[in-house]
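**Q** Before anything else, here's the structure in question.
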Amino acid sequence: MPDGDMDFSDVGDRLAAEALIVDVDGFEGPLDLLLMLSRTQKVDLRKISVLALAEQYLSFVQRAKTLRIELAADYLVMAAWLAFLKSRLLLPPDPSDEGPSGEELAAHLAFQLERLAAMRDRAAQLMARDQKGRDFFVRGLPEDVTRVRRVRYTATLLDLMQGYARIRTKDEFRPYVMDRDNVFTLEQALERMRGLIGYAGEWTDLLSYLPEGWESDPQRRRSATASHFAASLELVKTGAIRIRQSDTFAPIQIRAVARA
Amino acid sequence: MPETGPEAADDRPPRESLFEAPPEAEQERMVEAILFATVEPIGVADLNTRLPHGCDAAATVERLRKRYEGRGVSVVKVGDAWAMRTAPDLGFLMQKETVETRKLSRAAVETLAIIAYHQPVTRAEIEEIRGVSVSRGTVDQLLELEWIRFGRRKMTPGRPVTYVVTQEFLDHFGLESARDLPGLKELRAAGLLENRPPPGDALQGDDGEDDQDQTDMFEDEA
Amino acid sequence: MPETGPEAADDRPPRESLFEAPPEAEQERMVEAILFATVEPIGVADLNTRLPHGCDAAATVERLRKRYEGRGVSVVKVGDAWAMRTAPDLGFLMQKETVETRKLSRAAVETLAIIAYHQPVTRAEIEEIRGVSVSRGTVDQLLELEWIRFGRRKMTPGRPVTYVVTQEFLDHFGLESARDLPGLKELRAAGLLENRPPPGDALQGDDGEDDQDQTDMFEDEA
């Protein structure tokens with residue numbers, strides 16, 4: 001600490017100190033005040049005498065007290081800490097003490113002050129830059145991007161199938177009308193066979209009784225075969241005809257029962 | 001670029017004397033900046049009051065207009081005033097498309113399904129199957145989506161137009177052909193058809209025949 | 001150059017297939033129009049989505065920047081985005097356009113500088129640097145101006161939220177990136193951007209990590 005004590009013998013310094021006291025509200029905390037005080041040393045912050053700074057600060061706090069100026073708690077906390085720092089810096093290091101040395105603490109304070117000063121300089125530089133809306137300008141008449149909203153419709157295969165299923169299911173509730181085009185009913189077959197049976201003296205293939213137009217189309221043939229078979233069973237039951245089949249899947253034959 | 005700040009401008013006072021106009025190029029820069037930043041078109045008189053003494057706004061704006069000819073931005077006259085606008089042929093760049101995805105309406109889905117399963121199919125046939133009339137909007141929407149198109153006319157009285165599904169439709173639904181559409185049997189197996197379909201339903205049989213039947217069904221009816 | 005207008009482009013249709021990018025001059029017109037029409041800086045990716053298929057926005061915007069050098073309007077880079085702004089030395093012509101901004105308090109200005117140089121930075125770190133607590137109003141004001149925003153949380157106990165500066169900040173102060181902040185290198189070289197805890201502080205271990213974060217942030221933006 002080369003500078004040693006700082007005294008207020010100089011009238012100007014004393015006046016500056018007084019002014020500081022009056023302006024205490026203008027400071028943003030103890031660090032701000034310390035930075036201001038350090039300026040009076042008029043040296044590079046890296047070479048600052050922290051001891052001298054501590055002295056300045058402590059005497060500032062002392063004066064504030066004598067002038068009965070209320071100091072915020074953090075100013076007093078800083079004063080206590082600086083008093084501690086001062087004692088560390090002045091007394092020879094105690095080997096049994098494990099805490100940081102006075103020099104380390106002083107170096108950190110110097111660092112904090114330097115950092116704060118640097119940030120202030122940069123802040124000033126930043127605000128001195130060309131600013132938008134003051135030095136340079138944006139397009140005054142922006143042509144807003146018009147948003148074209150396009151709707152994209154989607155449907156999944158499932159939607160499609162469900163839709164179709166819905167329609168098809170709905171069909172079932174429609175009054176049911178038998179599509180008779182391809183159906184030959186039992187009644188029709190019975191009617192028809194009753195008329196023809198008289199001519200069946202010999203065993204005749206049942207299928208030869210199928211009406212014209214019902215032999216070739218598979219659906220029609222199936223329907224007519226079934227109804228004619230059922231009708232023939234009916235006729236067997238009434239004793240009008242006899243029926244036989246020689247083997248499985250062999251042709252079914254019928255013959256009229258000779259009337260006694 | 002702090003070097004080109006207001007200080008830089010102050011560095012050239014000799015050229016900016018009160019009675020000497022800035023060089024033409026400088027006047028052009030100034031008018032360019034003003035036209036860019038101004039909120040509304042600005043008249044020559046207004047330009048002159050904003051420019052340093054001795055500037056000729058009318059001539060400068062003309063030069064600027066020439067300079068921007070064929071560029072993406074042009075200097076245009078709006079009434080008696082001047083403004084800069086983007087070139088009209090680039091208007092399409094000023095649009096931002098937002099695509100909104102929406103589900104197809106139930107009517108559209110059903111109509112589409114009927115066309116897919118029964119194509120080629122007339123509007124009357126669609127209405128018969130759906131049991132309700134088909135709105136023009138629904139068909140138009142499907143045509144617009146390019147999921148259906150007109151098929152050949154039906155050889156029946158009135159020669160009604162038919163609808164068929166498109167390649168676009170197949171692509172969208174991941175089908176190779178309309179025949180890949182699951183039949184009613186499969187729909188039922190998938191639980192989509194809870195109830196037994198009515199007897200004699202054309203789609204009852206196996207798939208290959210179904211398509212055939214479908215076509216036949218309508219041709220018969222016609 | 002009027003020769004490079006849209007007509008000129010039309011003169012060479014054989015080269016303009018659907019999947020071929022428009023000629024360079026045409027791309028330049030397009031980027032010019034888009035940047036000109038828009039107030040907010042636009043990223044290269046956004047430009048590419050607005051340009052026709054195959055355009056190279058990054059290269060085009062660089063050419064455009066060159067073209068506008070020395071003009072009354074310039075193409076400026078703002079972070080990863082691009083914008084057109086009037087030349088700063090012509091600000092004196094724009095009294096009409098000047099936006100009266102609320103005067104920032106000293107605390108706000110300092111806080112802004114600390115966030116810019118130390119980002120990502122926590123409130124506690126700002127307070128440590130300034131030596132006083134940061135009032136809510138100060139941060140709110142900066143957030144409202146959209147000059148700062150929340151960054152990712154710090155990986156330290158309590159996972160405190162951090163602040164970083166925004167693209168709007170860069171735009172407002174004419175910075176290409178946060179790395180272009182005046183004197184950033186010098187500050188770092190002098191160790192003044194380190195978050196150095198007081199000697200004997202128990203949290204000393206975090207120091208290294210914090211610095212890492214800070215460096216990363218600036219490197220990311222490169």
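Residues in the structure tokens are named by chain (A, B, ... in the order shown) and by number from 1 within that chain; ligands are numbered from 1 in the order shown.
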Enumerate the residues of segment 71-181 of chain C with a DSSP assignment of helix (DSSP H, G or I), computed from the backbone, and present them as a count of residues only.
**A** 46
**Q** Neighbouring residues of Gly72 of chain B were defined as those with any atom within 9 Å, considering only C-alpha atoms; residues of the same chain fewer than 2 positions away were excluded. Please report them as a PyMOL selection string.
**A** (chain B and resi 68-70+74+85-90) or (chain C and resi 5+26+28-34+36)
**Q** Using only C-alpha atoms and a cut-off of 9 Å, which residues of chain A sit close to chain C? Please list them as an mmCIF file with N, CA and C atoms, in the first residue's frame.
**A**
```
data_model
loop_
_atom_site.group_PDB
_atom_site.id
_atom_site.type_symbol
_atom_site.label_atom_id
_atom_site.label_comp_id
_atom_site.auth_asym_id
_atom_site.auth_seq_id
_atom_site.Cartn_x
_atom_site.Cartn_y
_atom_site.Cartn_z
ATOM 1 N N GLU A 28 -25.608 4.915 -5.839
ATOM 2 C CA GLU A 28 -26.293 3.627 -5.875
ATOM 3 C C GLU A 28 -25.519 2.628 -5.036
ATOM 4 N N GLY A 29 -25.489 2.854 -3.766
ATOM 5 C CA GLY A 29 -24.862 1.892 -2.869
ATOM 6 C C GLY A 29 -23.391 2.163 -2.628
ATOM 7 N N PRO A 30 -22.841 1.417 -1.695
ATOM 8 C CA PRO A 30 -21.453 1.632 -1.254
ATOM 9 C C PRO A 30 -20.426 1.449 -2.364
ATOM 10 N N LEU A 31 -20.682 0.485 -3.265
ATOM 11 C CA LEU A 31 -19.705 0.225 -4.323
ATOM 12 C C LEU A 31 -19.615 1.438 -5.258
ATOM 13 N N ASP A 32 -20.765 2.007 -5.520
ATOM 14 C CA ASP A 32 -20.829 3.206 -6.350
ATOM 15 C C ASP A 32 -20.038 4.336 -5.688
ATOM 16 N N GLY A 99 -8.380 -17.696 6.942
ATOM 17 C CA GLY A 99 -9.140 -16.900 5.981
ATOM 18 C C GLY A 99 -8.236 -16.252 4.952
ATOM 19 N N PRO A 100 -8.869 -15.613 3.964
ATOM 20 C CA PRO A 100 -8.091 -14.949 2.926
ATOM 21 C C PRO A 100 -7.275 -13.786 3.499
ATOM 22 N N SER A 101 -6.163 -13.547 2.873
ATOM 23 C CA SER A 101 -5.294 -12.484 3.364
ATOM 24 C C SER A 101 -5.888 -11.128 3.003
ATOM 25 N N GLU A 104 -5.557 -10.343 -0.632
ATOM 26 C CA GLU A 104 -6.546 -11.007 -1.497
ATOM 27 C C GLU A 104 -7.873 -10.249 -1.476
ATOM 28 N N LEU A 105 -8.268 -9.870 -0.261
ATOM 29 C CA LEU A 105 -9.526 -9.135 -0.132
ATOM 30 C C LEU A 105 -9.440 -7.789 -0.843
ATOM 31 N N HIS A 108 -9.660 -8.201 -4.522
ATOM 32 C CA HIS A 108 -11.010 -8.465 -5.008
ATOM 33 C C HIS A 108 -11.827 -7.178 -5.072
ATOM 34 N N LEU A 109 -11.669 -6.345 -4.061
ATOM 35 C CA LEU A 109 -12.398 -5.077 -4.061
ATOM 36 C C LEU A 109 -11.966 -4.235 -5.272
ATOM 37 N N PHE A 111 -10.848 -5.362 -8.009
ATOM 38 C CA PHE A 111 -11.429 -6.003 -9.193
ATOM 39 C C PHE A 111 -12.887 -5.584 -9.372
ATOM 40 N N GLN A 112 -13.619 -5.599 -8.252
ATOM 41 C CA GLN A 112 -15.037 -5.227 -8.336
ATOM 42 C C GLN A 112 -15.213 -3.798 -8.841
ATOM 43 N N LEU A 113 -14.344 -2.929 -8.326
ATOM 44 C CA LEU A 113 -14.442 -1.529 -8.744
ATOM 45 C C LEU A 113 -14.092 -1.375 -10.214
ATOM 46 N N GLU A 114 -13.053 -2.092 -10.618
ATOM 47 C CA GLU A 114 -12.633 -1.993 -12.006
ATOM 48 C C GLU A 114 -13.729 -2.524 -12.939
ATOM 49 N N ARG A 115 -14.335 -3.625 -12.483
ATOM 50 C CA ARG A 115 -15.379 -4.233 -13.294
ATOM 51 C C ARG A 115 -16.587 -3.301 -13.413
ATOM 52 N N LEU A 116 -16.957 -2.697 -12.290
ATOM 53 C CA LEU A 116 -18.099 -1.779 -12.324
ATOM 54 C C LEU A 116 -17.784 -0.584 -13.223
ATOM 55 N N ALA A 118 -15.728 -0.535 -15.686
ATOM 56 C CA ALA A 118 -15.730 -0.991 -17.088
ATOM 57 C C ALA A 118 -17.149 -1.084 -17.617
ATOM 58 N N MET A 119 -18.046 -1.618 -16.802
ATOM 59 C CA MET A 119 -19.434 -1.761 -17.246
ATOM 60 C C MET A 119 -20.067 -0.395 -17.494
ATOM 61 N N ARG A 120 -19.717 0.557 -16.651
ATOM 62 C CA ARG A 120 -20.262 1.911 -16.849
ATOM 63 C C ARG A 120 -19.771 2.519 -18.145
ATOM 64 N N ARG A 122 -18.844 0.882 -20.771
ATOM 65 C CA ARG A 122 -19.478 0.195 -21.895
ATOM 66 C C ARG A 122 -20.927 0.629 -22.052
ATOM 67 N N ALA A 123 -21.580 0.828 -20.919
ATOM 68 C CA ALA A 123 -22.974 1.275 -20.986
ATOM 69 C C ALA A 123 -23.051 2.614 -21.703
ATOM 70 N N ALA A 124 -22.119 3.486 -21.374
ATOM 71 C CA ALA A 124 -22.105 4.804 -22.025
ATOM 72 C C ALA A 124 -21.819 4.653 -23.513
ATOM 73 N N GLN A 125 -20.880 3.775 -23.846
ATOM 74 C CA GLN A 125 -20.560 3.551 -25.265
ATOM 75 C C GLN A 125 -21.760 2.995 -26.015
ATOM 76 N N LEU A 126 -22.441 2.099 -25.323
ATOM 77 C CA LEU A 126 -23.597 1.470 -25.943
ATOM 78 C C LEU A 126 -24.655 2.521 -26.276
ATOM 79 N N MET A 127 -24.921 3.387 -25.302
ATOM 80 C CA MET A 127 -25.967 4.370 -25.519
ATOM 81 C C MET A 127 -25.526 5.428 -26.529
ATOM 82 N N ARG A 129 -24.058 4.674 -29.243
ATOM 83 C CA ARG A 129 -24.103 4.089 -30.585
ATOM 84 C C ARG A 129 -25.276 4.661 -31.368
ATOM 85 N N ASP A 130 -25.207 4.472 -32.672
ATOM 86 C CA ASP A 130 -26.365 4.829 -33.486
ATOM 87 C C ASP A 130 -27.523 3.949 -33.051
ATOM 88 N N GLN A 131 -28.652 4.578 -32.826
ATOM 89 C CA GLN A 131 -29.782 3.804 -32.356
ATOM 90 C C GLN A 131 -30.914 3.839 -33.360
ATOM 91 N N LYS A 132 -31.620 2.740 -33.369
ATOM 92 C CA LYS A 132 -32.770 2.624 -34.269
ATOM 93 C C LYS A 132 -33.829 3.625 -33.832
ATOM 94 N N GLY A 133 -34.399 4.306 -34.769
ATOM 95 C CA GLY A 133 -35.441 5.275 -34.439
ATOM 96 C C GLY A 133 -34.878 6.625 -34.031
ATOM 97 N N ARG A 134 -33.542 6.709 -33.949
ATOM 98 C CA ARG A 134 -32.928 7.984 -33.612
ATOM 99 C C ARG A 134 -31.891 8.357 -34.678
ATOM 100 N N ASP A 135 -31.067 7.375 -35.029
ATOM 101 C CA ASP A 135 -30.013 7.637 -36.008
ATOM 102 C C ASP A 135 -30.243 6.890 -37.320
ATOM 103 N N PHE A 136 -30.811 5.714 -37.190
ATOM 104 C CA PHE A 136 -31.162 5.013 -38.428
ATOM 105 C C PHE A 136 -32.590 4.526 -38.282
ATOM 106 N N PHE A 137 -33.188 4.257 -39.444
ATOM 107 C CA PHE A 137 -34.630 4.057 -39.430
ATOM 108 C C PHE A 137 -35.055 2.828 -40.203
ATOM 109 N N VAL A 138 -36.169 2.323 -39.790
ATOM 110 C CA VAL A 138 -36.716 1.150 -40.471
ATOM 111 C C VAL A 138 -37.651 1.633 -41.571
ATOM 112 N N ARG A 139 -38.086 0.727 -42.370
ATOM 113 C CA ARG A 139 -39.023 1.022 -43.434
ATOM 114 C C ARG A 139 -40.276 1.672 -42.839
ATOM 115 N N GLY A 140 -40.610 2.830 -43.382
ATOM 116 C CA GLY A 140 -41.731 3.556 -42.803
ATOM 117 C C GLY A 140 -43.085 2.991 -43.186
ATOM 118 N N LEU A 141 -43.114 2.412 -44.364
ATOM 119 C CA LEU A 141 -44.389 1.911 -44.874
ATOM 120 C C LEU A 141 -44.262 0.429 -45.142
ATOM 121 N N PRO A 142 -44.135 -0.334 -44.110
ATOM 122 C CA PRO A 142 -43.903 -1.763 -44.365
ATOM 123 C C PRO A 142 -45.069 -2.350 -45.127
ATOM 124 N N GLU A 143 -44.724 -3.164 -46.106
ATOM 125 C CA GLU A 143 -45.781 -3.852 -46.830
ATOM 126 C C GLU A 143 -45.970 -5.179 -46.116
ATOM 127 N N ASP A 144 -46.970 -5.164 -45.305
ATOM 128 C CA ASP A 144 -47.178 -6.353 -44.490
ATOM 129 C C ASP A 144 -47.352 -7.578 -45.356
ATOM 130 N N VAL A 145 -46.774 -8.609 -44.865
ATOM 131 C CA VAL A 145 -46.949 -9.874 -45.556
ATOM 132 C C VAL A 145 -48.406 -10.278 -45.401
#
```
**Q** What lies within 12 Å of Ile197 of chain A using only C-alpha atoms, ignoring chain neighbours under 2 positions off, as a PyMOL selection string?
**A** chain A and resi 189-195+199-204+206+208-209+228+231-232+235-236+239-242+254-258
**Q** So that I can check the secondary structure, give me every residue of segment 122-210 of chain A assigned strand (DSSP E) by backbone DSSP, as a list in words.
**A**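 Across segment 122-210 of chain A, those assigned strand (DSSP E) are Thr146, Arg147, Val148, Arg149, Arg150, Val151, Arg152, Tyr153, Thr154, Thr204 and Asp205 of chain A.
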**Q** Which neighbours of segment 43-49 of chain B fall inside 8 Å, counting only C-alpha atoms, when residues of the same chain fewer than 4 positions from it are skipped, and could you give them as a list in words?
**A**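 So the residues in contact are Val31, His53, Cys55, Asp56, Ala57, Ala58, Asp80, Ala81 and Trp82 of chain B.
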**Q** To one decimal place in Å, what is the distance between atom CA of Glu24 of chain B and atom CA of Arg67 of chain B?
**A** 13.1 Å
